[in-house]
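Q: Sharing a structure, written as C-alpha cells. Questions coming.
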Amino acid sequence: MTLSDTPSLNRSREVPASTQSGYVMLLVSLIMVLLAGWLFVNAVAGQGEPDGLLVIGALITGFTGLFILTGFYMINPNEAAAIQLFGAYKGTDRTEGLRWVLPWLARKKIAVRANNVISQTIKVNDARGNPIEMAAQVVWRVTDTAQALFDVDDYREFVTAQIEAAVRSIGSRYPYDDIEHLEVTLRGNHEEVGVELRAALIERLSVAGITVDECGLTHLAYAPEIAGAMLRRQQAEAVISARKKLVEGAVTMVEMALTQLSEKDVVHLDDERRAAMVSNLMVVLCGERDTQPVVNAGSLY
C-alpha cells in the first residue's frame with residue numbers, strides 16, 4: 001500500500017490565485033505618493049495656519065501609497081508563489097514578472113523547474129539474495145505547488161527518501177544478472193528497469209505534487225564482500241556457455257563432414273574408422289591449441 005492509496009489523507013489542490021499586475025499598482029502607488037506631496041505643499045504654502053484638511057489628506061494619501069508598496073513581489077521564470085491569508089491557502093500565482101497582492105496576504109515562493117538528483121549508493125539484496133550496490137539518477141519537478149508545500153513537511157527530503165525506497169524495491173524484485181538471459185535482470189535490462197522505477201516514483205511522489213521526467217540506474221555492482229566470488233562464478237558460467245556453443249558447432253561440422261564424404265563417395269569408412277575420425281575431428285575443433293598434423297605415408301589400414 002502506497003501513500004497515494006491512503007483514503008484518509010486530506011490532500012491540497014493547486015488553484016489560481018487572484019493577483020494583480022505589479023506594474024499597474026506601481027503606477028498607482030507613485031501617483032498616490034506624488035498626490036500626497038502636492039497636497040502637503042498646498043497645505044503649508046499659505047501665509048496663515050496650514051490647512052488641516054489638506055494635511056490630513058496628504059498623510060492619508062501618502063500612507064496609502066507607501067502601504068501599496070508592501071504588496072509587491074517578483075516571480076522569476078519557472079517559479080510560483082503560493083498566496084496565504086492568515087495560514088489559509090488562497091491560490092498559486094505562476095505569472096512571471098512584477099506582481100501585487102493585498103499586503104496582508106503572505107507569499108511563499110517555490111521553484112517549479114526541473115531538478116536533477118543522484119541518490120546515494122545503497123546496499124540491497126537482489127531477487128536471489130545477493131547483496132548489491134545501487135544508485136539512481138532522477139529528474140523531477142513540482143507540478144502541484146499546494147501539495148508540495150502543505151501536504152509534506154519538506155518536499156525535497158521527501159523526494160530523497162522516496163527515491164531510496166523505490167530503488168530498494170526495484171533492486172529486490174529482480175536478479176542482478178542471468179547468464180542464460182531467460183529473465184529480466186538489473187544489469188541486462190536497463191530500459192525495462194528504468195521504466196518501472198519511474199512508474200514507482202511517480203506513484204510514490206504524487207502525494208507531494210511531484211512528477212518524474214526521467215530516471216535510471218547510475219551505479220550497479222555486487223557488494224565488495226562477494227564481488228570476487230561472483231566474478232569467478234560469472235567467469236565460470238561464461239566458460240561453460242562458450243564450451244557449450246563450441247561443442248554444438250563442432251558436432252554440426254563433424255556431421256556435415258561425414259555426410260559429404262559419404263555422399264561424394266570419397267572414402268568408405270567402417271564404424272571403427274568412422275569413430276576414430278569423429279574423435280580426431282572433435283579434438284581438432286574443440287582444442288584450445290593449434291593441432292600438429294601427422295602425415296601417414298602408408299595405407300589407411
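Starting from 1 in every chain, residues are counted up; chains themselves are A, B, ... following the order of the C-alpha cells, and ligands are numbered from 1 as listed.
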I'd like to know which residues of stretch 47-110 of chain A are strand (DSSP E or B) (by DSSP, run on the backbone); could you write them as a PyMOL selection string?
A: chain A and resi 72-75+79-85+88-93+97-100+106-110
Q: Name all residues at most 10 Å from stretch 98-102 of chain A (count only C-alpha atoms; drop same-chain ones fewer than 5 positions away) and give them as a ChimeraX atom specification.
A: /A:17-26,67-76,83,85,93,107
Q: Emit the selected residues as a short mmCIF file (atom, residue, chain, number, x, y, z; two decimals), in the first residue's frame, including N, CA and C atoms.
A:
```
data_model
loop_
_atom_site.label_atom_id
_atom_site.label_comp_id
_atom_site.auth_asym_id
_atom_site.auth_seq_id
_atom_site.Cartn_x
_atom_site.Cartn_y
_atom_site.Cartn_z
N ALA A 17 -4.39 31.88 -8.12
CA ALA A 17 -4.58 32.95 -7.14
C ALA A 17 -5.07 34.22 -7.83
N SER A 18 -5.82 35.03 -7.09
CA SER A 18 -6.30 36.31 -7.60
C SER A 18 -5.27 37.39 -7.26
N THR A 19 -4.45 37.76 -8.24
CA THR A 19 -3.39 38.75 -8.05
C THR A 19 -3.48 39.81 -9.14
N GLN A 20 -2.68 40.85 -9.00
CA GLN A 20 -2.69 41.95 -9.94
C GLN A 20 -1.31 42.14 -10.56
N SER A 21 -1.30 42.82 -11.70
CA SER A 21 -0.03 43.18 -12.32
C SER A 21 0.69 44.19 -11.44
N GLY A 22 1.94 43.96 -11.16
CA GLY A 22 2.69 44.87 -10.31
C GLY A 22 2.98 46.20 -10.97
N TYR A 23 3.05 46.24 -12.29
CA TYR A 23 3.36 47.48 -12.99
C TYR A 23 2.22 48.48 -12.86
N VAL A 24 0.98 48.01 -12.95
CA VAL A 24 -0.17 48.90 -12.78
C VAL A 24 -0.21 49.44 -11.36
N MET A 25 -0.02 48.57 -10.39
CA MET A 25 -0.08 49.01 -9.00
C MET A 25 1.11 49.89 -8.64
N LEU A 26 2.25 49.70 -9.30
CA LEU A 26 3.39 50.58 -9.07
C LEU A 26 3.07 51.98 -9.55
N PHE A 67 1.86 52.13 1.65
CA PHE A 67 1.32 50.83 2.04
C PHE A 67 1.18 49.91 0.83
N ILE A 68 0.84 50.48 -0.31
CA ILE A 68 0.72 49.68 -1.53
C ILE A 68 2.06 49.05 -1.90
N LEU A 69 3.15 49.75 -1.60
CA LEU A 69 4.47 49.23 -1.95
C LEU A 69 4.80 47.91 -1.25
N THR A 70 4.19 47.64 -0.12
CA THR A 70 4.49 46.40 0.61
C THR A 70 3.84 45.18 -0.01
N GLY A 71 3.00 45.36 -1.02
CA GLY A 71 2.33 44.21 -1.64
C GLY A 71 3.00 43.70 -2.89
N PHE A 72 4.17 44.27 -3.25
CA PHE A 72 4.86 43.84 -4.47
C PHE A 72 5.71 42.60 -4.21
N TYR A 73 5.82 41.76 -5.23
CA TYR A 73 6.76 40.63 -5.21
C TYR A 73 7.09 40.26 -6.65
N MET A 74 8.18 39.54 -6.82
CA MET A 74 8.68 39.19 -8.15
C MET A 74 8.62 37.68 -8.34
N ILE A 75 8.18 37.27 -9.53
CA ILE A 75 8.17 35.84 -9.90
C ILE A 75 9.10 35.66 -11.09
N ASN A 76 10.13 34.84 -10.91
CA ASN A 76 11.08 34.53 -11.96
C ASN A 76 10.55 33.41 -12.85
N ILE A 83 -0.15 31.88 -2.29
CA ILE A 83 -0.72 33.00 -1.55
C ILE A 83 -1.52 32.46 -0.37
N LEU A 85 -3.67 33.59 3.39
CA LEU A 85 -4.31 34.59 4.24
C LEU A 85 -4.43 34.01 5.65
N ASP A 93 0.16 31.79 -7.75
CA ASP A 93 0.41 32.69 -8.87
C ASP A 93 1.63 32.19 -9.63
N ARG A 107 3.17 35.57 0.85
CA ARG A 107 3.61 34.94 -0.39
C ARG A 107 4.74 33.97 -0.09
#
```
Q: Could you give me the residues within stretch 93-249 of chain A that DSSP places in alpha helix (DSSP H), as a PyMOL selection string?
A: chain A and resi 145-150+155-173+190-205+224-249
Q: Work out how far apart atom CA of A:Ile132 and atom CA of A:Gly171 are and give it in Å to one decimal.
A: 8.3 Å
Q: Find, counting only C-alpha atoms, the residue in A:Thr218, A:Ser262, A:Asn189, A:Ser12 that gets nearest to A:Ile122.
A: A:Thr218
Q: May I ask which of the residues A:Glu248, A:Asp177, A:Glu255, A:Glu96 is the closest one to A:Ala221, counting only C-alpha atoms?
A: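 Distance minimum relative to A:Ala221 lands on A:Asp177.
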Q: Excluding A:Ala200 and its own-chain neighbours fewer than 4 positions away, which residues fall within 8 Å of it when counting only C-alpha atoms? Please give them as JSON, numbers by chain.
A: {"A": [166, 196, 204]}
Q: Show which residues sit within 12 Å of A:Gly129, as an MDAnalysis selection string. Count only C-alpha atoms, and ignore same-chain residues fewer than 3 positions away.
A: chainID A and resid 123:126 132 171:176 222:223 226
Q: Give me, as a PyMOL selection string, all polymer residues having an atom no more than 10 Å from stretch 32-41 of chain A, counting only C-alpha atoms and skipping those fewer than 4 positions away in the same chain.
A: chain A and resi 26-28+45-46+50-66+68
Q: Please identify all polymer residues within 7 Å of A:Trp140, counting only C-alpha atoms, omitting same-chain residues fewer than 5 positions from it, and present them as a PDB file with C-alpha atoms, in the first residue's frame.
A:
```pdb
ATOM      1  CA  ALA A 114      13.412  20.519 -13.243  1.00  0.00           C
ATOM      2  CA  ASN A 115      15.722  19.147 -10.558  1.00  0.00           C
ATOM      3  CA  ASN A 116      18.399  16.520 -11.103  1.00  0.00           C
ATOM      4  CA  ILE A 210       5.788  15.955  -7.887  1.00  0.00           C
ATOM      5  CA  THR A 211       6.322  14.101 -11.154  1.00  0.00           C
ATOM      6  CA  VAL A 212       9.388  12.348 -12.589  1.00  0.00           C
ATOM      7  CA  ASP A 213      10.541  13.214 -16.106  1.00  0.00           C
TER       8      ASP A 213
END
```
Q: How many Å lie between atom CA of A:Gly194 and atom CA of A:Glu157, rounded to one decimal?
A: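 It comes out at 21.8 Å.
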